[in-house]
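File shown: coords.txt. Contents: compact mmCIF, C-alpha atoms.
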# COMPACT_ATOMS: atom_id res chain seq x y z
CA MET S 1 22.27 6.40 -14.34
CA ALA S 2 24.70 3.99 -12.70
CA SER S 3 28.36 4.30 -13.62
CA GLN S 4 29.99 1.69 -15.84
CA HIS S 5 32.92 -0.64 -15.16
CA GLN S 6 35.54 -0.89 -17.93
CA ASN S 7 34.23 -4.38 -18.67
CA GLY S 8 30.77 -2.96 -19.38
CA GLY S 9 29.23 -4.06 -16.08
CA ARG S 10 27.36 -1.58 -13.92
CA SER S 11 28.85 -0.40 -10.65
CA PRO S 12 26.83 -0.57 -7.44
CA GLU S 13 25.62 2.68 -5.93
CA LEU S 14 23.78 3.89 -2.84
CA ARG S 15 20.73 6.13 -3.11
CA HIS S 16 18.92 8.01 -0.37
CA ASP S 17 15.21 8.71 -0.81
CA PRO S 18 13.97 11.88 0.94
CA VAL S 19 10.51 10.30 1.30
CA THR S 20 11.41 7.02 3.01
CA ASN S 21 14.47 8.65 4.64
CA ARG S 22 16.57 5.52 4.13
CA TRP S 23 19.60 4.44 2.11
CA VAL S 24 19.23 1.65 -0.46
CA ILE S 25 22.10 -0.23 -2.14
CA PHE S 26 21.62 -0.85 -5.86
CA SER S 27 23.71 -3.77 -7.06
CA PRO S 28 22.73 -4.50 -10.68
CA ALA S 29 25.64 -6.92 -11.13
CA ARG S 30 23.65 -9.36 -8.95
CA ALA S 31 21.02 -9.72 -11.71
CA LYS S 32 21.48 -10.54 -15.38
CA ARG S 33 18.52 -8.47 -16.51
CA PRO S 34 15.41 -6.99 -14.82
CA THR S 35 13.06 -9.62 -16.20
CA ASP S 36 15.03 -12.34 -14.38
CA PHE S 37 12.94 -11.35 -11.37
CA LYS S 38 9.76 -12.97 -12.59
CA SER S 39 7.98 -14.70 -9.75
CA LYS S 40 8.80 -18.37 -9.25
CA ASN S 41 5.63 -18.72 -7.17
CA PRO S 42 2.85 -17.22 -9.30
CA GLN S 43 -0.58 -16.93 -7.76
CA ASN S 44 -3.08 -19.18 -9.47
CA PRO S 45 -6.59 -17.83 -10.01
CA ASN S 46 -8.79 -18.65 -7.04
CA PRO S 47 -10.81 -21.84 -7.40
CA ASN S 48 -14.52 -21.25 -7.02
CA ASN S 49 -14.61 -22.76 -3.55
CA ASN S 50 -17.32 -20.56 -2.05
CA SER S 51 -18.84 -23.39 0.02
CA LEU S 52 -15.81 -23.29 2.35
CA CYS S 53 -14.95 -19.56 2.25
CA PRO S 54 -16.50 -17.35 4.96
CA PHE S 55 -15.99 -14.24 2.80
CA CYS S 56 -18.23 -15.54 0.00
CA ILE S 57 -21.80 -14.36 -0.40
CA GLY S 58 -24.14 -16.64 1.56
CA ASN S 59 -21.54 -17.40 4.26
CA GLU S 60 -21.87 -14.15 6.20
CA HIS S 61 -22.80 -16.04 9.38
CA GLU S 62 -19.28 -17.51 9.53
CA CYS S 63 -17.61 -14.10 9.76
CA ALA S 64 -16.87 -11.72 12.63
CA PRO S 65 -19.43 -8.92 13.19
CA GLU S 66 -20.22 -6.68 10.24
CA ILE S 67 -19.52 -2.93 10.53
CA PHE S 68 -21.21 -1.85 7.28
CA ARG S 69 -21.91 -3.08 3.76
CA VAL S 70 -22.54 -1.63 0.30
CA PRO S 71 -25.40 -1.25 -0.49
CA PRO S 72 -26.34 -0.62 3.17
CA ASP S 73 -29.62 -2.61 3.12
CA LEU S 74 -29.13 -5.56 5.50
CA ASN S 75 -32.22 -7.24 4.04
CA ASP S 76 -30.67 -7.34 0.57
CA PRO S 77 -28.43 -10.43 0.32
CA ASN S 78 -26.78 -9.13 -2.87
CA TRP S 79 -24.08 -6.96 -1.32
CA LYS S 80 -21.14 -5.54 -3.30
CA LEU S 81 -18.64 -5.27 -0.46
CA ARG S 82 -18.62 -5.67 3.31
CA VAL S 83 -16.49 -4.23 6.09
CA ILE S 84 -16.22 -6.58 9.08
CA GLU S 85 -14.19 -6.94 12.24
CA ASN S 86 -11.14 -9.16 11.90
CA LEU S 87 -11.85 -12.52 13.53
CA TYR S 88 -8.24 -12.66 14.77
CA PRO S 89 -7.40 -9.00 15.47
CA ALA S 90 -3.86 -7.84 16.17
CA LEU S 91 -5.28 -5.21 18.58
CA SER S 92 -8.43 -5.14 20.73
CA ARG S 93 -11.21 -2.56 20.36
CA ASN S 94 -12.61 -3.49 23.79
CA LEU S 95 -9.82 -2.45 26.17
CA GLU S 96 -10.46 0.03 28.97
CA CYS S 97 -8.04 2.94 29.57
CA PRO S 98 -6.39 2.40 26.14
CA CYS S 99 -3.97 5.34 26.49
CA GLU S 100 -2.60 4.52 29.91
CA GLU S 101 1.18 4.16 29.65
CA LYS S 102 3.42 2.40 32.12
CA GLN S 103 7.04 1.38 32.39
CA GLY S 104 8.13 -2.18 31.63
CA MET S 105 8.36 -4.29 34.77
CA GLU S 106 11.70 -6.01 34.22
CA PHE S 107 13.13 -4.35 31.11
CA PRO S 108 13.57 -0.71 30.12
CA GLY S 109 10.82 0.43 27.79
CA ARG S 110 7.30 1.77 27.63
CA VAL S 111 4.05 -0.23 27.64
CA ILE S 112 0.54 0.77 26.65
CA GLY S 113 -2.53 -1.41 26.32
CA GLY S 114 -3.02 -3.09 22.94
CA PHE S 115 -6.02 -0.97 22.00
CA GLY S 116 -6.90 -0.44 18.35
CA PHE S 117 -9.12 -1.49 15.48
CA HIS S 118 -8.41 -4.30 13.02
CA ASP S 119 -10.98 -4.61 10.24
CA VAL S 120 -11.35 -6.47 6.95
CA VAL S 121 -12.81 -5.09 3.71
CA ILE S 122 -14.26 -7.93 1.61
CA GLU S 123 -13.82 -6.33 -1.82
CA ASN S 124 -16.16 -8.52 -3.86
CA PRO S 125 -18.79 -11.18 -3.08
CA VAL S 126 -17.46 -13.58 -5.74
CA HIS S 127 -14.59 -15.83 -4.68
CA SER S 128 -12.84 -15.99 -8.06
CA VAL S 129 -12.81 -12.21 -8.69
CA GLN S 130 -9.55 -10.43 -7.84
CA LEU S 131 -9.11 -6.67 -7.43
CA SER S 132 -7.39 -6.42 -10.83
CA ASP S 133 -10.48 -8.04 -12.43
CA MET S 134 -12.79 -5.31 -11.14
CA GLU S 135 -13.81 -2.14 -12.97
CA PRO S 136 -12.20 1.16 -11.90
CA ARG S 137 -15.52 2.32 -10.43
CA GLU S 138 -15.77 -0.87 -8.34
CA ILE S 139 -12.20 -0.38 -7.08
CA GLY S 140 -13.17 3.22 -6.32
CA GLU S 141 -16.00 1.90 -4.14
CA VAL S 142 -13.45 -0.19 -2.21
CA PHE S 143 -11.40 2.98 -1.61
CA LEU S 144 -14.60 4.76 -0.56
CA ALA S 145 -15.18 2.03 2.05
CA HIS S 146 -11.62 2.56 3.32
CA LYS S 147 -12.30 6.30 3.58
CA LYS S 148 -15.60 5.83 5.41
CA ARG S 149 -14.09 3.45 7.94
CA ILE S 150 -11.06 5.71 8.51
CA GLN S 151 -13.38 8.63 9.22
CA GLN S 152 -15.37 6.52 11.69
CA ILE S 153 -12.18 5.44 13.49
CA MET S 154 -10.79 8.99 13.59
CA SER S 155 -13.50 9.94 16.09
CA VAL S 156 -11.69 7.79 18.69
CA GLN S 157 -9.26 10.20 20.34
CA SER S 158 -6.57 7.65 21.23
CA ILE S 159 -6.04 6.51 17.62
CA LYS S 160 -2.92 8.11 16.13
CA TYR S 161 -2.43 6.30 12.81
CA VAL S 162 -4.57 4.21 10.43
CA GLN S 163 -2.89 1.80 7.99
CA VAL S 164 -4.80 0.46 4.98
CA PHE S 165 -3.09 -2.51 3.33
CA LYS S 166 -3.68 -5.51 1.08
CA ASN S 167 -1.86 -8.85 1.09
CA HIS S 168 -2.27 -10.89 -2.10
CA GLY S 169 -0.89 -14.42 -2.06
CA ALA S 170 0.22 -16.64 0.81
CA SER S 171 3.87 -15.52 0.71
CA ALA S 172 2.66 -11.90 0.89
CA GLY S 173 0.84 -12.66 4.13
CA ALA S 174 -2.67 -13.46 2.88
CA SER S 175 -4.35 -16.16 4.95
CA MET S 176 -7.54 -16.01 2.83
CA SER S 177 -7.50 -16.24 -0.97
CA HIS S 178 -10.82 -14.34 -1.36
CA SER S 179 -9.97 -10.76 -2.38
CA HIS S 180 -9.84 -8.48 0.66
CA SER S 181 -7.88 -5.65 2.23
CA GLN S 182 -7.37 -4.67 5.86
CA ILE S 183 -7.48 -1.60 8.08
CA LEU S 184 -5.37 -1.47 11.25
CA ALA S 185 -5.73 1.56 13.53
CA LEU S 186 -2.98 2.15 16.11
CA PRO S 187 -2.65 4.17 19.33
CA VAL S 188 0.92 5.10 18.32
CA ILE S 189 2.68 6.47 15.22
CA PRO S 190 4.91 3.68 13.82
CA SER S 191 8.63 4.45 13.57
CA SER S 192 8.69 4.01 9.77
CA VAL S 193 5.93 6.62 9.45
CA SER S 194 7.86 9.00 11.74
CA ALA S 195 10.98 8.45 9.61
CA ARG S 196 9.00 9.18 6.43
CA LEU S 197 7.61 12.42 7.88
CA GLU S 198 11.08 13.43 9.07
CA GLY S 199 12.53 12.78 5.60
CA MET S 200 9.80 14.86 3.95
CA LYS S 201 10.34 17.64 6.49
CA GLU S 202 14.10 17.67 5.93
CA TYR S 203 13.65 17.95 2.15
CA PHE S 204 11.12 20.77 2.60
CA GLU S 205 13.41 22.70 4.93
CA LYS S 206 16.27 22.43 2.40
CA THR S 207 14.28 23.24 -0.75
CA GLY S 208 10.97 24.83 0.28
CA LYS S 209 9.21 22.14 -1.79
CA CYS S 210 7.30 18.91 -1.17
CA SER S 211 9.42 15.87 -2.10
CA LEU S 212 6.52 14.05 -3.79
CA CYS S 213 5.24 17.10 -5.68
CA GLU S 214 8.74 17.23 -7.20
CA VAL S 215 8.69 13.65 -8.55
CA ARG S 216 8.61 14.08 -12.32
CA ALA S 217 11.78 12.37 -13.61
CA LYS S 218 10.77 10.96 -17.00
CA GLU S 219 12.85 7.78 -16.69
CA LEU S 220 11.05 6.82 -13.45
CA VAL S 221 7.48 7.43 -14.66
CA ILE S 222 5.41 4.42 -15.74
CA ASP S 223 1.95 5.86 -16.46
CA GLU S 224 -0.20 8.88 -15.69
CA SER S 225 -3.93 9.45 -15.22
CA SER S 226 -5.98 12.61 -14.74
CA HIS S 227 -5.23 12.86 -11.02
CA PHE S 228 -2.33 10.46 -10.36
CA ILE S 229 1.13 9.47 -11.55
CA SER S 230 2.75 6.03 -11.18
CA ILE S 231 6.51 5.77 -10.73
CA VAL S 232 9.27 3.49 -9.59
CA PRO S 233 10.75 5.55 -6.71
CA PHE S 234 14.27 6.94 -7.09
CA ALA S 235 15.58 4.73 -4.26
CA ALA S 236 13.11 1.84 -4.46
CA THR S 237 13.55 -0.46 -1.47
CA PHE S 238 12.30 -3.53 -3.36
CA PRO S 239 12.61 -4.74 -6.99
CA PHE S 240 9.77 -3.31 -9.11
CA GLU S 241 8.28 -1.35 -6.21
CA ILE S 242 5.71 1.15 -7.54
CA TRP S 243 4.24 4.31 -6.03
CA ILE S 244 0.99 5.91 -7.17
CA ILE S 245 1.10 9.58 -6.19
CA PRO S 246 -1.65 12.23 -6.25
CA ARG S 247 -0.74 15.06 -8.65
CA VAL S 248 -2.30 17.65 -6.34
CA HIS S 249 -0.67 18.01 -2.91
CA SER S 250 -2.67 16.17 -0.24
CA SER S 251 -1.64 14.97 3.24
CA HIS S 252 -4.38 12.39 3.85
CA PHE S 253 -5.89 9.63 1.72
CA HIS S 254 -9.30 10.22 3.32
CA GLU S 255 -9.44 13.70 1.73
CA LEU S 256 -9.99 12.05 -1.67
CA ASP S 257 -13.37 12.45 -3.41
CA PHE S 258 -15.08 9.63 -5.30
CA GLU S 259 -14.14 10.89 -8.77
CA LYS S 260 -10.46 10.72 -7.84
CA MET S 261 -10.97 7.32 -6.18
CA VAL S 262 -12.29 5.93 -9.48
CA ASP S 263 -9.30 7.46 -11.29
CA LEU S 264 -6.98 5.88 -8.69
CA GLY S 265 -8.81 2.57 -9.20
CA GLY S 266 -8.09 2.68 -12.93
CA LEU S 267 -4.38 3.35 -12.45
CA LEU S 268 -4.05 0.74 -9.69
CA LYS S 269 -5.76 -1.84 -11.92
CA LEU S 270 -3.34 -1.00 -14.74
CA MET S 271 -0.29 -1.35 -12.46
CA LEU S 272 -1.49 -4.69 -11.06
CA ARG S 273 -2.09 -6.04 -14.58
CA LYS S 274 1.35 -4.89 -15.72
CA ILE S 275 3.00 -6.50 -12.68
CA SER S 276 1.11 -9.73 -13.37
CA LEU S 277 2.11 -9.84 -17.05
CA GLN S 278 5.76 -8.81 -16.68
CA LEU S 279 6.57 -10.63 -13.43
CA ASN S 280 4.53 -13.84 -13.77
CA ASN S 281 1.63 -12.90 -11.46
CA PRO S 282 3.64 -12.57 -8.23
CA PRO S 283 2.27 -12.25 -4.71
CA PHE S 284 2.16 -8.58 -3.73
CA ASN S 285 1.33 -6.10 -0.99
CA PHE S 286 -0.03 -2.62 -1.31
CA MET S 287 -0.11 -0.02 1.43
CA ILE S 288 -1.73 3.41 1.57
CA GLN S 289 1.03 5.57 3.06
CA THR S 290 -0.95 8.42 4.56
CA SER S 291 -0.22 10.95 7.33
CA PRO S 292 -1.00 10.51 11.04
CA VAL S 293 -4.59 11.29 12.01
CA GLN S 294 -3.61 14.62 13.56
CA ILE S 295 -0.93 16.76 11.95
CA LYS S 296 -0.02 20.39 12.55
CA GLU S 297 -0.85 22.96 9.89
CA SER S 298 2.88 23.55 9.39
CA GLU S 299 3.33 19.82 8.62
CA SER S 300 0.70 19.83 5.86
CA CYS S 301 3.12 21.70 3.56
CA TYR S 302 5.40 18.69 3.17
CA THR S 303 3.29 15.60 4.02
CA HIS S 304 1.95 13.94 0.86
CA TRP S 305 0.23 10.55 0.81
CA PHE S 306 0.81 7.82 -1.79
CA LEU S 307 -0.09 4.20 -2.53
CA GLN S 308 2.88 1.80 -2.44
CA ILE S 309 2.85 -1.54 -4.34
CA VAL S 310 5.52 -4.15 -3.52
CA PRO S 311 5.69 -7.37 -5.60
CA GLN S 312 7.14 -10.20 -3.52
CA LEU S 313 10.14 -11.18 -5.64
CA SER S 314 13.06 -11.42 -3.22
CA GLY S 315 13.58 -12.34 0.40
CA VAL S 316 15.01 -10.30 3.26
CA GLY S 317 18.36 -11.45 4.68
CA GLY S 318 20.52 -10.78 7.70
CA PHE S 319 22.07 -7.61 6.26
CA GLU S 320 18.67 -5.99 5.75
CA ILE S 321 17.40 -7.07 9.16
CA GLY S 322 20.60 -5.95 10.85
CA THR S 323 20.97 -2.55 9.20
CA GLY S 324 17.54 -1.53 7.92
CA CYS S 325 19.38 -0.90 4.63
CA TYR S 326 18.11 -2.91 1.66
CA ILE S 327 19.89 -4.28 -1.41
CA ASN S 328 17.92 -3.90 -4.64
CA PRO S 329 19.40 -5.65 -7.71
CA VAL S 330 17.18 -3.73 -10.18
CA LEU S 331 17.79 -0.04 -10.85
CA PRO S 332 14.53 1.95 -10.70
CA GLU S 333 14.93 3.39 -14.21
CA ASP S 334 15.32 -0.16 -15.57
CA ALA S 335 12.25 -1.37 -13.67
CA ALA S 336 10.19 1.59 -14.93
CA LYS S 337 11.26 0.84 -18.52
CA VAL S 338 10.17 -2.80 -18.17
CA MET S 339 6.76 -1.65 -16.90
CA ARG S 340 6.35 0.96 -19.65
CA GLU S 341 6.94 -1.74 -22.26
CA VAL S 342 3.61 -3.40 -21.38
CA ASN S 343 1.15 -1.81 -23.79
CA LEU S 344 -2.20 -1.92 -21.97
CA PRO S 345 -5.00 0.67 -22.19
CA MET S 346 -6.14 2.61 -19.15
CA GLN S 347 -9.79 1.77 -18.39
CA ASP S 348 -12.23 4.54 -17.45

Have the structure of the file written as structure tokens, please.
Amino acid sequence: MASQHQNGGRSPELRHDPVTNRWVIFSPARAKRPTDFKSKNPQNPNPNNNSLCPFCIGNEHECAPEIFRVPPDLNDPNWKLRVIENLYPALSRNLECPCEEKQGMEFPGRVIGGFGFHDVVIENPVHSVQLSDMEPREIGEVFLAHKKRIQQIMSVQSIKYVQVFKNHGASAGASMSHSHSQILALPVIPSSVSARLEGMKEYFEKTGKCSLCEVRAKELVIDESSHFISIVPFAATFPFEIWIIPRVHSSHFHELDFEKMVDLGGLLKLMLRKISLQLNNPPFNFMIQTSPVQIKESESCYTHWFLQIVPQLSGVGGFEIGTGCYINPVLPEDAAKVMREVNLPMQD
């Protein structure tokens, strides 16, 4: 726990997380109490505006090409979810010689073609239904679609990393209010992923143990399910950040079977409902933090995937941009306690 000033206030402290491999400053004196961080921009339930939304059932012709749907029958208009190409992709799937690297013409640096895949998973055909409204089995089917698409993309040799993410709310980066997630496959391994792997490796070399298999501190745990545990990480970068971690060591999200996906769906639903109730339905992002497509057998001992949820409650300033070091005004053990106080049942 944080040390105390003589006047009863809590002293700031710095924590280093072996998973993210970064330092975070905790400055609880900047906040009166954890619940002061309720969102000032709550997300209103989506209006039923399906006549204008290309993601709604019946408007499929307004979308980019479909990759697959569930159920797979194209003649059945009553689909449950669809995976489509992003109409405005960050990377192009149509480039030739995607791995060809060259030097920058006028500046030092390396350049490769912007090859990759950028897809959208439309999670439900009904405009007003959000992910947290869906049953655990339905959320499990969304995860199954992520897995299927990742496995399809993995056959492309030049792809090095696949990021699954969801933006909920305009200030969290969502341009469409209809519930959806995205898949972005890259020809490089992002630096934050490399830093995470390096942090996990360093911890393993010091202790002989996986850093995420070791996460069991009672004051950081929010809830547990049969196959997963939800925590506020020891050095949470953001206020009320939550990680959902597989109990059994696993390097890749796509190794998950459907039973565990349903279990993950139930715990994710519970976390999203708790965030909504305690923090005034804030915008949020979630990211599946998995391992690069190809890892060495020796790396599998310490690489462990997890799902990261970040409620959008505070902005990023010059200090964070300049240093890569974040200031979090809510201690993780306080945030976990606030989340544990919400008494909601876990749905099967």

Query raised in the report: Around (-15.8, -0.1, 5.2) in the file's frame, which residues reach within 7 Å when counting all atoms listed in the file? Return as a PyMOL selection string?
Result: chain S and resi 68-69+82-83+121+145-146+148-149

**Report entry** Top pick for closest residue to Ile244 in chain S, considering S:Glu219, S:Leu197, S:Glu202, S:His304 and counting only C-alpha atoms
**Finding:**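 For Ile244 in chain S, the nearest of the candidates is S:His304.
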
Query raised in the report: Of the candidates S:Phe284, S:Phe115, S:Tyr302, S:Trp79, which shows the shortest atom-to-atom distance to Glu205 in chain S, using all atoms listed in the file?
Result: S:Tyr302

Requested in this report: Figure out the distance between CA of Ala336 in chain S and CA of Trp23 in chain S, please, to one decimal in Å.
Outcome: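 Taking CA of Trp23 in chain S as the start and CA of Ala336 in chain S as the end point, the length is 19.7 Å.
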
**Report entry** Ile295 in chain S surroundings by all atoms listed in the file, 12 Å radius, close-in-sequence under 5 positions cut, as JSON, numbers by chain
**Finding:** {"S": [160, 161, 189, 194, 197, 251, 252, 290, 300, 301, 302, 303, 304]}

Requested in this report: Quick one: pull the distance between CA of Gly199 in chain S and CA of Leu186 in chain S, Å, one decimal.
Outcome: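 Computed distance, CA of Gly199 in chain S to CA of Leu186 in chain S, equals 21.5 Å.
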
Query raised in the report: Quick one: of S:Pro72, S:Leu270, S:Glu66, S:Trp305, who's nearest to Arg196 in chain S, counting all atoms listed in the file?
Result: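 Distance minimum relative to Arg196 in chain S lands on S:Trp305.
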
Report summary line: Here CA of Ile229 in chain S and CA of Gly173 in chain S stand apart by 27.1 Å

Query - For Glu224 in chain S: contacts at 12 Å, all atoms listed in the file, fewer than 3 positions along chain excluded, given as a list in words - result: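 Final neighbour list, sorted by chain and number: Arg216, Lys218, Leu220, Val221, His227, Phe228, Ile229, Ser230, Ile231, Trp243, Ile244, Ile245, Pro246, Arg247, Asp263, Leu264, Gly266, Leu267, Leu268, Leu270, Met271, Arg340, Pro345 and Met346 of chain S.
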
Query - Nearest-residue call for Val120 in chain S, choices S:Met200, S:Val248, S:Ile67, S:Ile153, using all atoms listed in the file - result: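 Using all atoms listed in the file, Val120 in chain S sits closest to S:Ile67.
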
Query raised in the report: Which residues, written as a ChimeraX atom specification, have at least one atom at most 10 Å from Lys337 in chain S, with all atoms listed in the file counted and residues fewer than 4 positions away on the same chain left out?
Result: /S:34,219-222,232,332-333,341-342

Could I get range 258-274 of chain S from the block written as a PDB file, in the first residue's frame, with N, CA, C and O atoms?
ATOM      1  N   PHE S 258     -13.920 -23.127 -27.596  1.00  0.00           N
ATOM      2  CA  PHE S 258     -15.177 -22.380 -27.493  1.00  0.00           C
ATOM      3  C   PHE S 258     -15.711 -22.344 -26.067  1.00  0.00           C
ATOM      4  O   PHE S 258     -16.271 -21.335 -25.633  1.00  0.00           O
ATOM      5  N   GLU S 259     -15.532 -23.422 -25.320  1.00  0.00           N
ATOM      6  CA  GLU S 259     -15.990 -23.431 -23.921  1.00  0.00           C
ATOM      7  C   GLU S 259     -15.342 -22.294 -23.129  1.00  0.00           C
ATOM      8  O   GLU S 259     -16.002 -21.581 -22.373  1.00  0.00           O
ATOM      9  N   LYS S 260     -14.041 -22.109 -23.326  1.00  0.00           N
ATOM     10  CA  LYS S 260     -13.333 -21.040 -22.618  1.00  0.00           C
ATOM     11  C   LYS S 260     -13.717 -19.666 -23.168  1.00  0.00           C
ATOM     12  O   LYS S 260     -13.727 -18.678 -22.424  1.00  0.00           O
ATOM     13  N   MET S 261     -14.050 -19.595 -24.452  1.00  0.00           N
ATOM     14  CA  MET S 261     -14.507 -18.325 -25.022  1.00  0.00           C
ATOM     15  C   MET S 261     -15.828 -17.882 -24.399  1.00  0.00           C
ATOM     16  O   MET S 261     -16.027 -16.695 -24.141  1.00  0.00           O
ATOM     17  N   VAL S 262     -16.719 -18.825 -24.143  1.00  0.00           N
ATOM     18  CA  VAL S 262     -17.993 -18.505 -23.492  1.00  0.00           C
ATOM     19  C   VAL S 262     -17.741 -18.034 -22.058  1.00  0.00           C
ATOM     20  O   VAL S 262     -18.347 -17.071 -21.576  1.00  0.00           O
ATOM     21  N   ASP S 263     -16.813 -18.718 -21.373  1.00  0.00           N
ATOM     22  CA  ASP S 263     -16.446 -18.329 -20.012  1.00  0.00           C
ATOM     23  C   ASP S 263     -15.838 -16.923 -20.005  1.00  0.00           C
ATOM     24  O   ASP S 263     -16.168 -16.088 -19.156  1.00  0.00           O
ATOM     25  N   LEU S 264     -14.967 -16.640 -20.972  1.00  0.00           N
ATOM     26  CA  LEU S 264     -14.393 -15.305 -21.124  1.00  0.00           C
ATOM     27  C   LEU S 264     -15.487 -14.286 -21.409  1.00  0.00           C
ATOM     28  O   LEU S 264     -15.471 -13.176 -20.869  1.00  0.00           O
ATOM     29  N   GLY S 265     -16.463 -14.659 -22.240  1.00  0.00           N
ATOM     30  CA  GLY S 265     -17.585 -13.770 -22.543  1.00  0.00           C
ATOM     31  C   GLY S 265     -18.362 -13.382 -21.300  1.00  0.00           C
ATOM     32  O   GLY S 265     -18.762 -12.224 -21.142  1.00  0.00           O
ATOM     33  N   GLY S 266     -18.567 -14.355 -20.396  1.00  0.00           N
ATOM     34  CA  GLY S 266     -19.292 -14.066 -19.161  1.00  0.00           C
ATOM     35  C   GLY S 266     -18.546 -13.105 -18.257  1.00  0.00           C
ATOM     36  O   GLY S 266     -19.132 -12.182 -17.680  1.00  0.00           O
ATOM     37  N   LEU S 267     -17.220 -13.296 -18.144  1.00  0.00           N
ATOM     38  CA  LEU S 267     -16.433 -12.415 -17.282  1.00  0.00           C
ATOM     39  C   LEU S 267     -16.265 -11.032 -17.912  1.00  0.00           C
ATOM     40  O   LEU S 267     -16.320 -10.008 -17.211  1.00  0.00           O
ATOM     41  N   LEU S 268     -16.100 -10.963 -19.226  1.00  0.00           N
ATOM     42  CA  LEU S 268     -16.026  -9.658 -19.899  1.00  0.00           C
ATOM     43  C   LEU S 268     -17.336  -8.900 -19.729  1.00  0.00           C
ATOM     44  O   LEU S 268     -17.330  -7.695 -19.426  1.00  0.00           O
ATOM     45  N   LYS S 269     -18.454  -9.566 -19.907  1.00  0.00           N
ATOM     46  CA  LYS S 269     -19.765  -8.930 -19.722  1.00  0.00           C
ATOM     47  C   LYS S 269     -19.888  -8.359 -18.310  1.00  0.00           C
ATOM     48  O   LYS S 269     -20.321  -7.214 -18.125  1.00  0.00           O
ATOM     49  N   LEU S 270     -19.464  -9.145 -17.314  1.00  0.00           N
ATOM     50  CA  LEU S 270     -19.536  -8.695 -15.925  1.00  0.00           C
ATOM     51  C   LEU S 270     -18.674  -7.455 -15.703  1.00  0.00           C
ATOM     52  O   LEU S 270     -19.103  -6.490 -15.058  1.00  0.00           O
ATOM     53  N   MET S 271     -17.447  -7.451 -16.258  1.00  0.00           N
ATOM     54  CA  MET S 271     -16.556  -6.301 -16.086  1.00  0.00           C
ATOM     55  C   MET S 271     -17.136  -5.052 -16.762  1.00  0.00           C
ATOM     56  O   MET S 271     -17.082  -3.947 -16.208  1.00  0.00           O
ATOM     57  N   LEU S 272     -17.695  -5.212 -17.952  1.00  0.00           N
ATOM     58  CA  LEU S 272     -18.262  -4.060 -18.659  1.00  0.00           C
ATOM     59  C   LEU S 272     -19.470  -3.498 -17.919  1.00  0.00           C
ATOM     60  O   LEU S 272     -19.672  -2.273 -17.863  1.00  0.00           O
ATOM     61  N   ARG S 273     -20.263  -4.361 -17.315  1.00  0.00           N
ATOM     62  CA  ARG S 273     -21.430  -3.903 -16.540  1.00  0.00           C
ATOM     63  C   ARG S 273     -20.982  -3.176 -15.270  1.00  0.00           C
ATOM     64  O   ARG S 273     -21.563  -2.160 -14.874  1.00  0.00           O
ATOM     65  N   LYS S 274     -19.935  -3.702 -14.630  1.00  0.00           N
ATOM     66  CA  LYS S 274     -19.423  -3.049 -13.424  1.00  0.00           C
ATOM     67  C   LYS S 274     -18.836  -1.676 -13.752  1.00  0.00           C
ATOM     68  O   LYS S 274     -19.059  -0.702 -13.023  1.00  0.00           O
TER      69      LYS S 274
END
